[in-house]
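Trainee: Okay, here's the structure, questions in a sec.
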Amino acid sequence: MKILVTGAAGFIGFFTAKLLLERGEDVVGLDNFNDYYDVRLKDARAAQLEQYPNFQMLRMNLADRSGMRNLFAAEKFDKVVHLAAQAGVRYSLKNPNAYIDSNIVGTMHVLEGCRHHGVEHLVYASSSSVYGANTAMPFSIHQNVDHPLALYGATKKANELMAHTYSNLYGLPTTGLRFFTVYGPWGRPDMALFMFTKKIIEGRPIDVFNYGNHRRDFTYVEDIVEGVIRTLDHTAAPNPDWDPANPDPGTSRAPYRIYNIGNQQPVELMRYIEVIEQCVGRKAEKNLLPLQPGDVPDTWADTEDLKQDVGYQPSTPVEVGVKRFVDWYVDFYQVKPKERA
C-alpha cells in the first residue's frame, strides 16, 4: 500500500512511519518542519526515515490548499494517517491562530483529499483534551465531550465532527484516536518528561503544576503506534445498532469510529518524577505551582473498545519507558548526568 503519514517528522508520526516502513509499506511523509520546538530534532527524525528506500519526505504546510490538492491527485494514497497538528495545550493560549490554520484548515484539506481520491481509510489524531471539564473516570468514548477547556481541545473535537460529516456524506471511513500523554525516546521538548529530564540533569528546578496533584495516563510511544497501525488495518464500519434516539458519541450509522488510546493505568505525577530521578541519578528541586489555565487535573483512558476491536494491549510500564527515554536523551544530546545510577 501507499500510505500518507502527516506529521512524519513529529514524535508519534516518526514512529508510525517507521513501523509502516519496516513492514514493507510505501510511505510518503509530510511535515512543515515549523519551529514550535527545535527543528534539529525533526531533521534528525526525518534523517532516520530517509534511510528507507520506500520512504519520501515532503516539506509542506497542511494549510497549503493547492499543494495538498496536487499531492493527493499525484500520489493516489490507499490510506492516510493524519497526525500533523499544532500541538500543546498551553501554547494555544499564546498563539490561537496557529491551531485554526493547522488543526482546522489543515484537517479540512486532508478530508477533501481523501474524499476526492478514493482513500480506503483515514485514521487521524484526536486528544484526551476533548474531555475538558469531564470528571467521570475513566474517560469513555461514549461520554459527551462538549466542554473543552482550551482551544487545542476544541480543535480536536472539531476534527472529530468534521470527520463524521465526511463519513456520513461521502462514505469515507474515518477513525479518530484520542491520545493520552504519549512519551518515549524522540519525544517533544515541550512535554513534561523532556523538560523534567533536561532540568534535573542540569541541576535546575522543575515547575510542577497543580502542586503535583496530577494523574496522567502516561502511554509509551511504541505501545501507541502499535495501536495506530492496528486501527489503520481495521477499517471503520457503520454501527448497525446505532440509535438516533439515543446516539452513541463513539460510533455512528456512518463508517466512523472514535477510540481512546492510552495505558489505562494513570500514574501520579510525583511518582513519574520519582522514576525520572531514579533514571537520571539526581533528585529534582521542585517548584510547586497552581493548576495552569486549560489543564485538567487527571486523565484516565477507558480503552476497552479499542481492545475488543483491534486487540490493543499496551505493555510498557513507566519504569521501563522512562529509562528508555533518559538513555536516548543522554545519547542524543551527549550529556552526562551527575551521580547517575
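Letters for chains follow the order of the C-alpha cells (A, B, ...), residue numbers begin at 1 for each chain, and ligand numbers begin at 1 in the order shown.
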Do you know which residues are at most 6 Å from region 132-145 of chain A counting only C-alpha atoms, after dropping those on the same chain fewer than 2 positions away, and could you put them as a tab-separated table (two decimals) with all heavy atoms, in the first residue's frame?
Mentor:
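The result, written out as out.tsv:
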chain	number	residue	atom	x	y	z
A	129	SER	N	-7.62	15.76	25.45
A	129	SER	CA	-8.05	17.12	25.81
A	129	SER	C	-9.51	17.39	25.49
A	129	SER	O	-10.09	18.33	26.04
A	129	SER	CB	-7.17	18.15	25.09
A	129	SER	OG	-5.84	18.07	25.53
A	130	VAL	N	-10.11	16.59	24.61
A	130	VAL	CA	-11.52	16.82	24.28
A	130	VAL	C	-12.41	16.59	25.50
A	130	VAL	O	-13.53	17.11	25.56
A	130	VAL	CB	-12.01	15.93	23.11
A	130	VAL	CG1	-11.19	16.19	21.86
A	130	VAL	CG2	-12.01	14.46	23.47
A	147	HIS	N	-17.34	20.17	26.42
A	147	HIS	CA	-16.85	21.23	27.30
A	147	HIS	C	-15.32	21.25	27.36
A	147	HIS	O	-14.72	21.06	28.42
A	147	HIS	CB	-17.45	21.07	28.71
A	147	HIS	CG	-18.94	21.14	28.72
A	147	HIS	ND1	-19.75	20.05	28.55
A	147	HIS	CD2	-19.76	22.22	28.84
A	147	HIS	CE1	-21.02	20.43	28.59
A	147	HIS	NE2	-21.05	21.73	28.75
A	148	PRO	N	-14.66	21.49	26.20
A	148	PRO	CA	-13.19	21.61	26.21
A	148	PRO	C	-12.76	22.82	27.03
A	148	PRO	O	-13.50	23.80	27.15
A	148	PRO	CB	-12.83	21.76	24.74
A	148	PRO	CG	-14.07	22.33	24.10
A	148	PRO	CD	-15.22	21.73	24.85
A	149	LEU	N	-11.55	22.76	27.58
A	149	LEU	CA	-11.05	23.83	28.45
A	149	LEU	C	-10.00	24.70	27.77
A	149	LEU	O	-9.57	25.70	28.35
A	149	LEU	CB	-10.47	23.23	29.73
A	149	LEU	CG	-11.47	22.48	30.63
A	149	LEU	CD1	-10.77	21.89	31.84
A	149	LEU	CD2	-12.60	23.42	31.07
A	248	ASP	N	-24.94	7.26	20.28
A	248	ASP	CA	-23.66	6.92	20.91
A	248	ASP	C	-22.57	7.80	20.31
A	248	ASP	O	-22.32	7.72	19.10
A	248	ASP	CB	-23.37	5.44	20.65
A	248	ASP	CG	-21.97	5.04	21.09
A	248	ASP	OD1	-21.35	5.77	21.89
A	248	ASP	OD2	-21.49	3.99	20.62
A	249	PRO	N	-21.89	8.65	21.10
A	249	PRO	CA	-20.88	9.56	20.55
A	249	PRO	C	-19.69	8.86	19.91
A	249	PRO	O	-19.00	9.45	19.08
A	249	PRO	CB	-20.44	10.38	21.76
A	249	PRO	CG	-21.54	10.27	22.75
A	249	PRO	CD	-22.11	8.90	22.54
A	250	GLY	N	-19.42	7.60	20.29
A	250	GLY	CA	-18.22	6.93	19.81
A	250	GLY	C	-18.38	6.18	18.51
A	250	GLY	O	-17.40	5.75	17.91
A	300	TRP	N	-7.50	9.52	32.40
A	300	TRP	CA	-7.55	8.07	32.58
A	300	TRP	C	-8.38	7.52	31.43
A	300	TRP	O	-9.56	7.85	31.31
A	300	TRP	CB	-8.14	7.72	33.94
A	300	TRP	CG	-8.28	6.25	34.23
A	300	TRP	CD1	-7.85	5.19	33.48
A	300	TRP	CD2	-8.93	5.67	35.38
A	300	TRP	NE1	-8.17	4.01	34.07
A	300	TRP	CE2	-8.83	4.26	35.25
A	300	TRP	CE3	-9.57	6.20	36.49
A	300	TRP	CZ2	-9.37	3.40	36.18
A	300	TRP	CZ3	-10.10	5.32	37.43
A	300	TRP	CH2	-9.99	3.94	37.27
A	301	ALA	N	-7.77	6.73	30.58
A	301	ALA	CA	-8.42	6.25	29.36
A	301	ALA	C	-9.14	4.93	29.59
A	301	ALA	O	-8.55	3.98	30.11
A	301	ALA	CB	-7.39	6.08	28.25
A	302	ASP	N	-10.39	4.86	29.17
A	302	ASP	CA	-11.08	3.59	29.02
A	302	ASP	C	-10.81	3.11	27.60
A	302	ASP	O	-11.33	3.69	26.64
A	302	ASP	CB	-12.58	3.78	29.27
A	302	ASP	CG	-13.38	2.49	29.09
A	302	ASP	OD1	-12.83	1.52	28.54
A	302	ASP	OD2	-14.57	2.48	29.47
Trainee: Within region 40-216 of chain A, find each residue whose DSSP state, derived from the backbone, is alpha helix (DSSP H), and express the selection as a PyMOL selection string.
Mentor: chain A and resi 40-49+65-75+96-99+106-116+151-170+192-202
Trainee: For Leu232 (chain A), list every protein, DNA or RNA residue within 9 Å, evaluated using only C-alpha atoms, and leave out those in the same chain fewer than 2 positions away; present the list as JSON, numbers by chain.
Mentor: {"A": [79, 80, 81, 121, 122, 123, 175, 227, 228, 229, 230, 234, 235, 236]}
Trainee: Write the residues of the preceding selection, restricted to all heavy atoms, as a JSON list (two decimals), in the first residue's frame.
Mentor:
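again27.json was written with the following content:
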[["chain", "number", "residue", "atom", "x", "y", "z"],
["A", 79, "LYS", "N", -4.26, 4.68, 1.98],
["A", 79, "LYS", "CA", -4.71, 5.04, 3.33],
["A", 79, "LYS", "C", -3.94, 6.26, 3.80],
["A", 79, "LYS", "O", -2.85, 6.57, 3.28],
["A", 79, "LYS", "CB", -4.52, 3.87, 4.30],
["A", 79, "LYS", "CG", -5.36, 2.64, 3.95],
["A", 79, "LYS", "CD", -5.22, 1.54, 4.99],
["A", 79, "LYS", "CE", -6.10, 0.33, 4.61],
["A", 79, "LYS", "NZ", -6.04, -0.75, 5.64],
["A", 80, "VAL", "N", -4.50, 6.93, 4.81],
["A", 80, "VAL", "CA", -3.88, 8.14, 5.35],
["A", 80, "VAL", "C", -3.88, 8.07, 6.87],
["A", 80, "VAL", "O", -4.90, 7.72, 7.49],
["A", 80, "VAL", "CB", -4.63, 9.41, 4.89],
["A", 80, "VAL", "CG1", -4.08, 10.65, 5.59],
["A", 80, "VAL", "CG2", -4.55, 9.56, 3.38],
["A", 81, "VAL", "N", -2.72, 8.38, 7.46],
["A", 81, "VAL", "CA", -2.62, 8.56, 8.91],
["A", 81, "VAL", "C", -2.30, 10.04, 9.15],
["A", 81, "VAL", "O", -1.19, 10.49, 8.85],
["A", 81, "VAL", "CB", -1.52, 7.67, 9.52],
["A", 81, "VAL", "CG1", -1.53, 7.80, 11.05],
["A", 81, "VAL", "CG2", -1.70, 6.22, 9.12],
["A", 121, "HIS", "N", -9.22, 4.43, 4.04],
["A", 121, "HIS", "CA", -9.39, 4.63, 5.47],
["A", 121, "HIS", "C", -8.53, 5.81, 5.92],
["A", 121, "HIS", "O", -7.33, 5.87, 5.59],
["A", 121, "HIS", "CB", -8.99, 3.37, 6.25],
["A", 121, "HIS", "CG", -9.38, 3.38, 7.70],
["A", 121, "HIS", "ND1", -8.81, 2.51, 8.62],
["A", 121, "HIS", "CD2", -10.28, 4.13, 8.40],
["A", 121, "HIS", "CE1", -9.36, 2.73, 9.81],
["A", 121, "HIS", "NE2", -10.24, 3.70, 9.70],
["A", 122, "LEU", "N", -9.12, 6.73, 6.64],
["A", 122, "LEU", "CA", -8.41, 7.84, 7.26],
["A", 122, "LEU", "C", -8.39, 7.63, 8.77],
["A", 122, "LEU", "O", -9.44, 7.56, 9.41],
["A", 122, "LEU", "CB", -9.09, 9.17, 6.93],
["A", 122, "LEU", "CG", -8.64, 10.38, 7.77],
["A", 122, "LEU", "CD1", -7.17, 10.70, 7.53],
["A", 122, "LEU", "CD2", -9.52, 11.60, 7.48],
["A", 123, "VAL", "N", -7.19, 7.52, 9.33],
["A", 123, "VAL", "CA", -7.01, 7.49, 10.78],
["A", 123, "VAL", "C", -6.37, 8.82, 11.17],
["A", 123, "VAL", "O", -5.38, 9.23, 10.57],
["A", 123, "VAL", "CB", -6.11, 6.32, 11.22],
["A", 123, "VAL", "CG1", -5.78, 6.40, 12.70],
["A", 123, "VAL", "CG2", -6.79, 5.00, 10.88],
["A", 175, "THR", "N", -11.42, 7.10, 11.40],
["A", 175, "THR", "CA", -11.24, 6.69, 12.78],
["A", 175, "THR", "C", -10.40, 7.73, 13.50],
["A", 175, "THR", "O", -9.28, 8.03, 13.08],
["A", 175, "THR", "CB", -10.54, 5.32, 12.89],
["A", 175, "THR", "OG1", -11.33, 4.34, 12.22],
["A", 175, "THR", "CG2", -10.37, 4.91, 14.35],
["A", 227, "GLY", "N", -1.00, 0.43, 18.36],
["A", 227, "GLY", "CA", -2.44, 0.65, 18.30],
["A", 227, "GLY", "C", -2.87, 1.43, 17.07],
["A", 227, "GLY", "O", -3.91, 1.15, 16.47],
["A", 228, "VAL", "N", -2.07, 2.42, 16.68],
["A", 228, "VAL", "CA", -2.37, 3.20, 15.47],
["A", 228, "VAL", "C", -2.40, 2.29, 14.24],
["A", 228, "VAL", "O", -3.33, 2.35, 13.42],
["A", 228, "VAL", "CB", -1.34, 4.33, 15.28],
["A", 228, "VAL", "CG1", -1.54, 5.02, 13.93],
["A", 228, "VAL", "CG2", -1.43, 5.35, 16.40],
["A", 229, "ILE", "N", -1.41, 1.43, 14.11],
["A", 229, "ILE", "CA", -1.32, 0.56, 12.94],
["A", 229, "ILE", "C", -2.43, -0.49, 12.95],
["A", 229, "ILE", "O", -3.05, -0.78, 11.91],
["A", 229, "ILE", "CB", 0.06, -0.13, 12.86],
["A", 229, "ILE", "CG1", 1.18, 0.90, 12.84],
["A", 229, "ILE", "CG2", 0.13, -1.04, 11.64],
["A", 229, "ILE", "CD1", 1.09, 1.91, 11.73],
["A", 230, "ARG", "N", -2.72, -1.05, 14.12],
["A", 230, "ARG", "CA", -3.83, -2.00, 14.21],
["A", 230, "ARG", "C", -5.14, -1.33, 13.79],
["A", 230, "ARG", "O", -5.97, -1.94, 13.11],
["A", 230, "ARG", "CB", -3.96, -2.53, 15.64],
["A", 230, "ARG", "CG", -2.91, -3.54, 16.04],
["A", 230, "ARG", "CD", -3.02, -3.89, 17.53],
["A", 230, "ARG", "NE", -2.05, -4.90, 17.93],
["A", 230, "ARG", "CZ", -2.32, -6.19, 18.08],
["A", 230, "ARG", "NH1", -3.55, -6.63, 17.83],
["A", 230, "ARG", "NH2", -1.39, -7.04, 18.45],
["A", 234, "HIS", "N", -7.89, -1.88, 10.49],
["A", 234, "HIS", "CA", -9.27, -2.23, 10.85],
["A", 234, "HIS", "C", -10.17, -1.09, 10.38],
["A", 234, "HIS", "O", -10.48, -0.17, 11.14],
["A", 234, "HIS", "CB", -9.37, -2.44, 12.37],
["A", 234, "HIS", "CG", -10.72, -2.88, 12.83],
["A", 234, "HIS", "ND1", -11.15, -4.19, 12.79],
["A", 234, "HIS", "CD2", -11.76, -2.17, 13.36],
["A", 234, "HIS", "CE1", -12.38, -4.27, 13.28],
["A", 234, "HIS", "NE2", -12.77, -3.06, 13.63],
["A", 235, "THR", "N", -10.57, -1.13, 9.13],
["A", 235, "THR", "CA", -11.31, -0.01, 8.53],
["A", 235, "THR", "C", -12.63, 0.23, 9.26],
["A", 235, "THR", "O", -13.39, -0.70, 9.55],
["A", 235, "THR", "CB", -11.59, -0.30, 7.05],
["A", 235, "THR", "OG1", -10.33, -0.51, 6.39],
["A", 235, "THR", "CG2", -12.30, 0.88, 6.39],
["A", 236, "ALA", "N", -12.88, 1.50, 9.57],
["A", 236, "ALA", "CA", -14.10, 1.89, 10.27],
["A", 236, "ALA", "C", -15.33, 1.45, 9.48],
["A", 236, "ALA", "O", -15.38, 1.57, 8.26],
["A", 236, "ALA", "CB", -14.13, 3.39, 10.49]]
Trainee: Among region 1-227 of chain A, which residues does DSSP mark as strand (DSSP E or B) when it is run on the backbone? Keep the chain and numbering as in the structure and answer as number ranges by chain.
Mentor: A: 2-6, 26-31, 55-59, 79-82, 121-127, 139, 174-179, 182-183, 206-208, 215-216, 219-220
Trainee: Determine, counting only C-alpha atoms, which protein, DNA and RNA residues have an atom within 7 Å of an atom of region 22-29 of chain A; residues of the same chain fewer than 3 positions away are not included. Present the result as a list in words.
Mentor: Met1, Lys2, Ile3, Leu4, Val5, Thr6, Ala8, Ala17, Lys18, Leu19, Asn54, Phe55, Gln56, Met57 and Leu58 of chain A
Trainee: Residues as selected, all heavy atoms, written as a JSON list (two decimals), in the first residue's frame, can you do that?
Mentor:
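The result, written out as selection.json:
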[["chain", "number", "residue", "atom", "x", "y", "z"],
["A", 1, "MET", "N", 0.84, -1.20, 0.00],
["A", 1, "MET", "CA", 0.00, 0.00, 0.00],
["A", 1, "MET", "C", 0.87, 1.25, 0.00],
["A", 1, "MET", "O", 2.01, 1.23, 0.48],
["A", 1, "MET", "CB", -0.89, 0.02, 1.24],
["A", 1, "MET", "CG", -1.99, -1.02, 1.25],
["A", 1, "MET", "SD", -3.12, -0.77, 2.64],
["A", 1, "MET", "CE", -2.02, -1.06, 4.01],
["A", 2, "LYS", "N", 0.31, 2.31, -0.50],
["A", 2, "LYS", "CA", 0.94, 3.62, -0.37],
["A", 2, "LYS", "C", 0.18, 4.40, 0.69],
["A", 2, "LYS", "O", -1.03, 4.58, 0.59],
["A", 2, "LYS", "CB", 0.93, 4.39, -1.70],
["A", 2, "LYS", "CG", 1.60, 5.77, -1.58],
["A", 2, "LYS", "CD", 1.58, 6.53, -2.89],
["A", 2, "LYS", "CE", 2.58, 5.98, -3.88],
["A", 2, "LYS", "NZ", 2.70, 6.85, -5.08],
["A", 3, "ILE", "N", 0.90, 4.84, 1.70],
["A", 3, "ILE", "CA", 0.27, 5.46, 2.86],
["A", 3, "ILE", "C", 0.87, 6.84, 3.10],
["A", 3, "ILE", "O", 2.10, 6.99, 3.12],
["A", 3, "ILE", "CB", 0.44, 4.58, 4.12],
["A", 3, "ILE", "CG1", -0.21, 3.22, 3.89],
["A", 3, "ILE", "CG2", -0.16, 5.26, 5.35],
["A", 3, "ILE", "CD1", 0.05, 2.21, 4.98],
["A", 4, "LEU", "N", 0.02, 7.82, 3.29],
["A", 4, "LEU", "CA", 0.46, 9.16, 3.67],
["A", 4, "LEU", "C", 0.45, 9.26, 5.19],
["A", 4, "LEU", "O", -0.55, 8.92, 5.84],
["A", 4, "LEU", "CB", -0.49, 10.23, 3.10],
["A", 4, "LEU", "CG", -0.27, 11.67, 3.60],
["A", 4, "LEU", "CD1", 1.08, 12.21, 3.14],
["A", 4, "LEU", "CD2", -1.40, 12.59, 3.12],
["A", 5, "VAL", "N", 1.57, 9.71, 5.76],
["A", 5, "VAL", "CA", 1.65, 9.99, 7.19],
["A", 5, "VAL", "C", 1.95, 11.48, 7.34],
["A", 5, "VAL", "O", 3.06, 11.92, 7.04],
["A", 5, "VAL", "CB", 2.73, 9.14, 7.89],
["A", 5, "VAL", "CG1", 2.83, 9.52, 9.37],
["A", 5, "VAL", "CG2", 2.44, 7.66, 7.73],
["A", 6, "THR", "N", 0.97, 12.24, 7.77],
["A", 6, "THR", "CA", 1.22, 13.66, 8.02],
["A", 6, "THR", "C", 1.86, 13.81, 9.40],
["A", 6, "THR", "O", 1.59, 13.03, 10.31],
["A", 6, "THR", "CB", -0.07, 14.50, 7.94],
["A", 6, "THR", "OG1", -0.89, 14.24, 9.09],
["A", 6, "THR", "CG2", -0.84, 14.21, 6.67],
["A", 8, "ALA", "N", 5.11, 13.45, 9.84],
["A", 8, "ALA", "CA", 6.06, 12.32, 9.90],
["A", 8, "ALA", "C", 7.38, 12.69, 10.57],
["A", 8, "ALA", "O", 8.11, 11.80, 11.01],
["A", 8, "ALA", "CB", 6.32, 11.78, 8.49],
["A", 17, "ALA", "N", 5.48, 6.10, 10.93],
["A", 17, "ALA", "CA", 6.07, 5.91, 9.61],
["A", 17, "ALA", "C", 7.12, 4.79, 9.64],
["A", 17, "ALA", "O", 7.19, 3.96, 8.74],
["A", 17, "ALA", "CB", 6.69, 7.22, 9.13],
["A", 18, "LYS", "N", 7.92, 4.77, 10.70],
["A", 18, "LYS", "CA", 8.98, 3.77, 10.82],
["A", 18, "LYS", "C", 8.39, 2.35, 10.87],
["A", 18, "LYS", "O", 8.89, 1.44, 10.19],
["A", 18, "LYS", "CB", 9.80, 4.05, 12.08],
["A", 18, "LYS", "CG", 11.04, 3.18, 12.26],
["A", 18, "LYS", "CD", 11.88, 3.74, 13.41],
["A", 18, "LYS", "CE", 13.16, 2.93, 13.61],
["A", 18, "LYS", "NZ", 12.88, 1.62, 14.22],
["A", 19, "LEU", "N", 7.34, 2.15, 11.64],
["A", 19, "LEU", "CA", 6.74, 0.82, 11.74],
["A", 19, "LEU", "C", 6.11, 0.40, 10.42],
["A", 19, "LEU", "O", 6.22, -0.76, 10.00],
["A", 19, "LEU", "CB", 5.70, 0.80, 12.86],
["A", 19, "LEU", "CG", 5.10, -0.57, 13.20],
["A", 19, "LEU", "CD1", 6.18, -1.58, 13.55],
["A", 19, "LEU", "CD2", 4.10, -0.44, 14.35],
["A", 54, "ASN", "N", 11.79, 2.93, 0.65],
["A", 54, "ASN", "CA", 10.36, 3.05, 0.35],
["A", 54, "ASN", "C", 9.73, 4.24, 1.06],
["A", 54, "ASN", "O", 8.53, 4.26, 1.33],
["A", 54, "ASN", "CB", 9.61, 1.76, 0.72],
["A", 54, "ASN", "CG", 9.96, 1.22, 2.11],
["A", 54, "ASN", "OD1", 11.07, 1.44, 2.60],
["A", 54, "ASN", "ND2", 9.03, 0.52, 2.73],
["A", 55, "PHE", "N", 10.57, 5.28, 1.34],
["A", 55, "PHE", "CA", 10.07, 6.47, 2.03],
["A", 55, "PHE", "C", 10.46, 7.73, 1.26],
["A", 55, "PHE", "O", 11.56, 7.83, 0.72],
["A", 55, "PHE", "CB", 10.64, 6.55, 3.44],
["A", 55, "PHE", "CG", 10.21, 7.80, 4.21],
["A", 55, "PHE", "CD1", 8.96, 7.86, 4.79],
["A", 55, "PHE", "CD2", 11.06, 8.89, 4.32],
["A", 55, "PHE", "CE1", 8.56, 9.00, 5.49],
["A", 55, "PHE", "CE2", 10.67, 10.03, 5.00],
["A", 55, "PHE", "CZ", 9.41, 10.08, 5.59],
["A", 56, "GLN", "N", 9.55, 8.68, 1.22],
["A", 56, "GLN", "CA", 9.90, 10.03, 0.74],
["A", 56, "GLN", "C", 9.26, 11.06, 1.66],
["A", 56, "GLN", "O", 8.13, 10.89, 2.13],
["A", 56, "GLN", "CB", 9.44, 10.26, -0.70],
["A", 56, "GLN", "CG", 7.96, 10.11, -0.95],
["A", 56, "GLN", "CD", 7.58, 10.51, -2.37],
["A", 56, "GLN", "OE1", 8.05, 11.54, -2.88],
["A", 56, "GLN", "NE2", 6.74, 9.71, -3.01],
["A", 57, "MET", "N", 10.01, 12.11, 1.95],
["A", 57, "MET", "CA", 9.55, 13.18, 2.84],
["A", 57, "MET", "C", 9.25, 14.44, 2.04],
["A", 57, "MET", "O", 10.08, 14.87, 1.22],
["A", 57, "MET", "CB", 10.61, 13.48, 3.90],
["A", 57, "MET", "CG", 10.25, 14.65, 4.82],
["A", 57, "MET", "SD", 8.83, 14.31, 5.90],
["A", 57, "MET", "CE", 9.65, 13.44, 7.24],
["A", 58, "LEU", "N", 8.08, 15.00, 2.26],
["A", 58, "LEU", "CA", 7.70, 16.25, 1.63],
["A", 58, "LEU", "C", 7.59, 17.35, 2.68],
["A", 58, "LEU", "O", 6.96, 17.13, 3.72],
["A", 58, "LEU", "CB", 6.35, 16.11, 0.92],
["A", 58, "LEU", "CG", 6.27, 15.05, -0.18],
["A", 58, "LEU", "CD1", 4.85, 14.99, -0.73],
["A", 58, "LEU", "CD2", 7.25, 15.36, -1.30]]
Trainee: Do a neighbour search on Gln292 (chain A) at 9 Å with only C-alpha atoms, toss out local chain neighbours closer than 5 positions, and write the hits as a list of chain:residue names.
Mentor: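 Result of the neighbour search: A:Arg90, A:Phe209, A:Asn210.
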Trainee: What would the file look like if the residues just selected were written as a PDB file, in the first residue's frame with N, CA, C and O atoms?
Mentor:
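Written file, selection.pdb:
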ATOM      1  N   ARG A  90      -0.923  24.519  26.357  1.00  0.00           N
ATOM      2  CA  ARG A  90      -0.541  25.829  26.894  1.00  0.00           C
ATOM      3  C   ARG A  90      -0.217  26.830  25.795  1.00  0.00           C
ATOM      4  O   ARG A  90      -0.532  28.014  25.902  1.00  0.00           O
ATOM      5  N   PHE A 209       3.095  21.716  38.253  1.00  0.00           N
ATOM      6  CA  PHE A 209       1.807  22.406  38.344  1.00  0.00           C
ATOM      7  C   PHE A 209       0.789  21.589  39.133  1.00  0.00           C
ATOM      8  O   PHE A 209       0.919  20.384  39.315  1.00  0.00           O
ATOM      9  N   ASN A 210      -0.234  22.280  39.582  1.00  0.00           N
ATOM     10  CA  ASN A 210      -1.277  21.693  40.442  1.00  0.00           C
ATOM     11  C   ASN A 210      -0.657  21.085  41.701  1.00  0.00           C
ATOM     12  O   ASN A 210      -1.198  20.151  42.282  1.00  0.00           O
TER      13      ASN A 210
END
Trainee: Tell me, as number ranges by chain, which residues lie within 10 Å of region 304-318 of chain A, counting only C-alpha atoms; anything in the same chain fewer than 4 positions away does not count.
Mentor: A: 140-142, 177, 183-184, 218-224, 226-234, 250, 258-265, 267, 271-272, 275-276, 322-324
Trainee: What is the CA of Gly88 (chain A)-CA of Gln334 (chain A) distance in Å, reported with one decimal?
Mentor: 26.7 Å
Trainee: Report, in Å with one decimal, the straight-line distance from CA of Arg59 (chain A) to CA of Asn32 (chain A).
Mentor: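 These atoms are spaced 5.1 Å apart.
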Trainee: So which residues touch region 167-173 of chain A within 9 Å, counting only C-alpha atoms, skipping near sequence neighbours fewer than 6 positions away, as JSON, numbers by chain?
Mentor: {"A": [111, 114, 115, 118, 119, 120, 121, 122, 123, 235, 236, 237, 238, 252, 253, 254, 255, 256, 257]}
